file start_21.cif (mmCIF, C-alpha atoms)
data_target
loop_
_atom_site.label_atom_id
_atom_site.label_comp_id
_atom_site.auth_asym_id
_atom_site.auth_seq_id
_atom_site.Cartn_x
_atom_site.Cartn_y
_atom_site.Cartn_z
CA MET A 136 0.00 0.00 0.00
CA SER A 137 1.43 3.35 -1.06
CA THR A 138 2.11 6.05 1.51
CA ASP A 139 1.76 8.79 -1.09
CA ARG A 140 -0.97 11.39 -0.51
CA THR A 141 -2.31 14.09 -2.79
CA PRO A 142 -2.43 17.72 -1.68
CA GLU A 143 -6.22 17.38 -1.46
CA GLN A 144 -5.91 14.38 0.86
CA LEU A 145 -3.50 16.36 3.05
CA ALA A 146 -5.70 19.48 3.31
CA PRO A 147 -7.39 18.37 6.60
CA ALA A 148 -3.97 17.60 8.13
CA PHE A 149 -2.74 21.03 7.02
CA ALA A 150 -5.70 22.73 8.72
CA ALA A 151 -5.06 20.71 11.90
CA VAL A 152 -1.36 21.58 12.12
CA ASN A 153 -2.14 25.20 11.28
CA ARG A 154 -4.41 25.32 14.34
CA LEU A 155 -1.61 23.77 16.44
CA ALA A 156 0.89 26.32 15.13
CA ALA A 157 -1.48 29.21 15.84
CA ALA A 158 -2.05 27.93 19.39
CA GLU A 159 1.71 27.72 19.96
CA ALA A 160 2.20 31.24 18.65
CA GLU A 161 -0.52 32.56 21.01
CA SER A 162 -0.49 36.36 20.66
CA ALA A 163 2.29 36.53 18.09
CA PRO A 164 1.38 36.88 14.42
CA ALA A 165 0.46 33.54 12.90
CA PRO A 166 3.57 31.93 11.42
CA THR A 167 3.66 30.43 7.99
CA THR A 168 2.74 26.80 8.47
CA THR A 169 4.37 24.15 6.31
CA LEU A 170 3.22 20.54 6.15
CA LEU A 171 5.64 18.01 4.66
CA HIS A 172 4.48 14.56 3.62
CA LEU A 173 7.10 12.10 2.43
CA GLY A 174 5.49 9.19 0.65
CA ASP A 175 6.91 6.31 -1.34
CA GLU A 176 7.24 8.27 -4.58
CA HIS A 177 6.70 11.96 -3.75
CA LEU A 178 7.23 14.71 -1.21
CA VAL A 179 4.20 16.99 -0.86
CA VAL A 180 4.84 20.46 0.57
CA LEU A 181 1.86 22.60 1.65
CA SER A 182 2.42 26.11 3.04
CA GLY A 183 0.31 29.02 4.16
CA THR A 184 -0.98 31.12 7.03
CA GLY A 185 -4.65 30.13 6.90
CA ASN A 186 -6.55 26.86 7.13
CA GLN A 187 -6.06 26.27 3.40
CA PRO A 188 -2.55 26.06 1.92
CA GLU A 189 -1.50 29.03 -0.18
CA ALA A 190 1.27 27.06 -1.94
CA THR A 191 1.26 23.41 -2.95
CA HIS A 192 4.20 21.49 -4.41
CA VAL A 193 4.71 17.83 -5.29
CA LEU A 194 8.36 16.79 -5.66
CA ASP A 195 9.63 13.48 -7.07
CA VAL A 196 11.62 12.55 -3.97
CA GLY A 197 9.74 9.76 -2.19
CA ALA A 198 11.62 7.44 0.16
CA ALA A 199 11.06 4.30 -1.94
CA ARG A 200 11.91 6.18 -5.15
CA ILE A 201 15.22 7.46 -3.76
CA ALA A 202 16.12 4.04 -2.31
CA ARG A 203 15.22 2.23 -5.53
CA THR A 204 16.89 4.72 -7.87
CA PHE A 205 20.09 5.57 -6.00
CA PHE A 206 20.82 3.09 -3.19
CA ARG A 207 22.11 -0.24 -4.44
CA HIS A 208 23.49 -1.22 -1.02
CA ASP A 209 21.67 -1.59 2.30
CA LEU A 210 24.13 0.87 3.77
CA PRO A 211 24.41 3.22 0.80
CA THR A 212 27.91 4.02 -0.38
CA SER A 213 29.16 7.59 -0.26
CA GLY A 214 28.84 7.82 -4.05
CA GLU A 215 25.23 6.65 -3.91
CA ILE A 216 24.48 9.24 -1.22
CA GLU A 217 26.12 12.02 -3.26
CA ARG A 218 24.09 11.16 -6.37
CA ALA A 219 20.88 11.10 -4.31
CA ILE A 220 21.75 14.46 -2.72
CA ASP A 221 22.27 16.04 -6.16
CA PHE A 222 18.87 14.80 -7.32
CA VAL A 223 17.04 15.84 -4.13
CA GLU A 224 18.67 19.29 -4.14
CA ASP A 225 17.52 19.86 -7.73
CA GLU A 226 13.96 18.93 -6.77
CA ILE A 227 14.01 21.17 -3.67
CA MET A 228 15.15 24.12 -5.77
CA ARG A 229 11.79 23.87 -7.57
CA LEU A 230 10.22 25.23 -4.36
CA GLY A 231 11.67 28.65 -5.07
CA GLU A 232 12.76 31.12 -2.43
CA ARG A 233 13.98 29.79 0.91
CA ALA A 234 11.27 29.68 3.58
CA GLY A 235 13.31 30.59 6.63
CA ALA A 236 13.43 29.46 10.22
CA ALA A 237 10.26 31.35 11.24
CA ALA A 238 8.10 28.79 9.50
CA SER A 239 6.29 26.24 11.64
CA VAL A 240 7.09 22.90 10.01
CA TRP A 241 5.03 19.78 10.60
CA SER A 242 4.70 16.30 9.16
CA THR A 243 2.32 13.38 9.45
CA SER A 244 4.63 11.23 7.34
CA ALA A 245 5.08 7.61 8.38
CA ALA A 246 8.51 7.66 6.68
CA TRP A 247 9.86 9.89 9.45
CA GLN A 248 8.07 8.23 12.38
CA ALA A 249 10.95 5.76 12.90
CA TRP A 250 13.32 8.72 13.27
CA ALA A 251 10.94 10.41 15.71
CA THR A 252 11.07 7.31 17.93
CA VAL A 253 14.78 8.08 18.40
CA SER A 254 14.45 11.81 19.11
CA GLY A 255 10.87 12.47 20.12
CA PRO A 256 8.24 14.19 17.95
CA THR A 257 10.28 17.35 17.31
CA MET A 258 13.48 16.85 15.37
CA SER A 259 15.94 19.73 15.31
CA LEU A 260 18.21 20.46 12.39
CA GLU A 261 21.20 19.70 14.65
CA THR A 262 19.83 16.24 15.44
CA VAL A 263 19.10 15.49 11.79
CA GLU A 264 22.58 16.71 10.78
CA ASP A 265 24.12 14.45 13.46
CA TRP A 266 22.20 11.46 12.14
CA PHE A 267 23.23 12.31 8.60
CA GLN A 268 26.88 12.52 9.64
CA ARG A 269 26.52 9.07 11.19
CA LEU A 270 25.05 7.78 7.90
CA ALA A 271 27.99 9.33 6.03
CA SER A 272 30.45 7.65 8.42
CA ALA A 273 28.70 4.31 7.92
CA SER A 274 28.87 4.76 4.13
CA LEU A 275 32.65 5.17 4.48
CA GLY A 276 33.10 1.82 6.24
CA GLN A 277 32.03 2.48 9.83
CA PRO A 278 28.67 0.66 10.05
CA ALA A 279 28.65 0.90 13.86
CA ALA A 280 27.96 4.63 13.43
CA MET A 281 24.34 3.72 12.66
CA GLN A 282 23.84 1.83 15.92
CA GLY A 283 20.50 2.79 17.49
CA LEU A 284 19.20 4.46 14.32
CA PRO A 285 16.62 3.15 11.84
CA ALA A 286 18.12 0.71 9.36
CA GLY A 287 17.54 0.03 5.69
CA ARG A 288 17.71 1.82 2.37
CA GLU A 289 14.34 3.55 2.72
CA ALA A 290 15.22 4.81 6.21
CA ALA A 291 18.45 6.24 4.80
CA ALA A 292 16.51 7.81 1.93
CA SER A 293 13.95 9.37 4.28
CA LEU A 294 16.77 10.82 6.40
CA LEU A 295 18.50 12.22 3.33
CA VAL A 296 15.30 13.95 2.14
CA LEU A 297 14.60 15.33 5.63
CA ARG A 298 18.14 16.67 5.96
CA GLU A 299 18.16 18.26 2.53
CA ILE A 300 14.79 19.97 2.86
CA MET A 301 15.60 21.30 6.34
CA HIS A 302 19.05 22.46 5.26
CA HIS A 303 18.01 24.12 1.99
CA ARG A 304 14.73 25.60 3.20
CA GLY A 305 16.13 26.96 6.46
CA TYR A 306 13.91 24.92 8.77
CA THR A 307 15.32 24.67 12.29
CA SER A 308 12.99 21.83 13.32
CA VAL A 309 10.12 19.66 12.16
CA THR A 310 7.40 18.29 14.42
CA LEU A 311 5.73 14.98 13.64
CA THR A 312 2.09 14.42 14.49
CA PRO A 313 0.15 11.18 14.14
CA PRO A 314 -1.07 10.49 10.58
#
call {"tool": "encode", "arguments": {"input": "start_21.cif", "output": "structure tokens"}}
result
Amino acid sequence: MSTDRTPEQLAPAFAAVNRLAAAEAESAPAPTTTLLHLGDEHLVVLSGTGNQPEATHVLDVGAARIARTFFRHDLPTSGEIERAIDFVEDEIMRLGERAGAAASVWSTSAAWQAWATVSGPTMSLETVEDWFQRLASASLGQPAAMQGLPAGREAAASLLVLREIMHHRGYTSVTLTPP
């Protein structure tokens, strides 16, 4: 069963996380809310300040797609990771101007739930970068670096996509909510 969702299917989740973001902001101006959904084949990005997204993007960077296309080894090699990064970066550039750290970023994506079991529901950029460095070390012959982290090609692909979107969009954290 595919974990991909259309923007229309994600609209209720966007409204729900927008209400959560507004409640967290309390008296401050409502932040831009961004909902990320990483499926098997696509990453859907919904953004806006109201209950309906003002911007909708579908990128070709799903976890299964990245794993299938770029990762030939269960612990991807450094070359495989670099090729995947190049592809994911090109897709992320389609989003246009950088969002910035002020955005409230949420996800209901099952692909990132395994990572949230390691860190808790809010994953900081520093945590994601640390995990990615551990993946890079493992790809260079130190498989013990991945101890305690989710295993498998799709887990590595989901981490790579999360790291790249946070890094290139300027997100300081992402909070996972139940699907």
call {"tool": "atom_distance", "arguments": {"input": "start_21.cif", "atom1": "atom CA of A:Ser213", "atom2": "atom CA of A:Ser274"}}
result
5.2 Å
call {"tool": "residues_near_point", "arguments": {"input": "start_21.cif", "point": "(14.8, -2.7, 4.2)", "cutoff": "12 Å", "atoms": "only C-alpha atoms", "output": "PyMOL selection string"}}
result
chain A and resi 198-199+202-203+206-211+285-292
call {"tool": "residues_around", "arguments": {"input": "start_21.cif", "residues": "A:Thr168", "least_positions_apart": "3", "cutoff": "8 Å", "atoms": "all atoms listed in the file", "output": "ChimeraX atom specification"}}
result
/A:152-153,156,182-184,238-241
call {"tool": "atom_distance", "arguments": {"input": "start_21.cif", "atom1": "atom CA of A:Gly174", "atom2": "atom CA of A:Ala279"}}
result
27.9 Å
call {"tool": "closest_residue", "arguments": {"input": "start_21.cif", "among": "A:Ile216, A:Leu155, A:Phe149, A:Asp221", "to": "A:Gln187", "atoms": "all atoms listed in the file"}}
result
A:Phe149
call {"tool": "atom_distance", "arguments": {"input": "start_21.cif", "atom1": "atom CA of A:Ala219", "atom2": "atom CA of A:Trp266"}}
result
16.5 Å
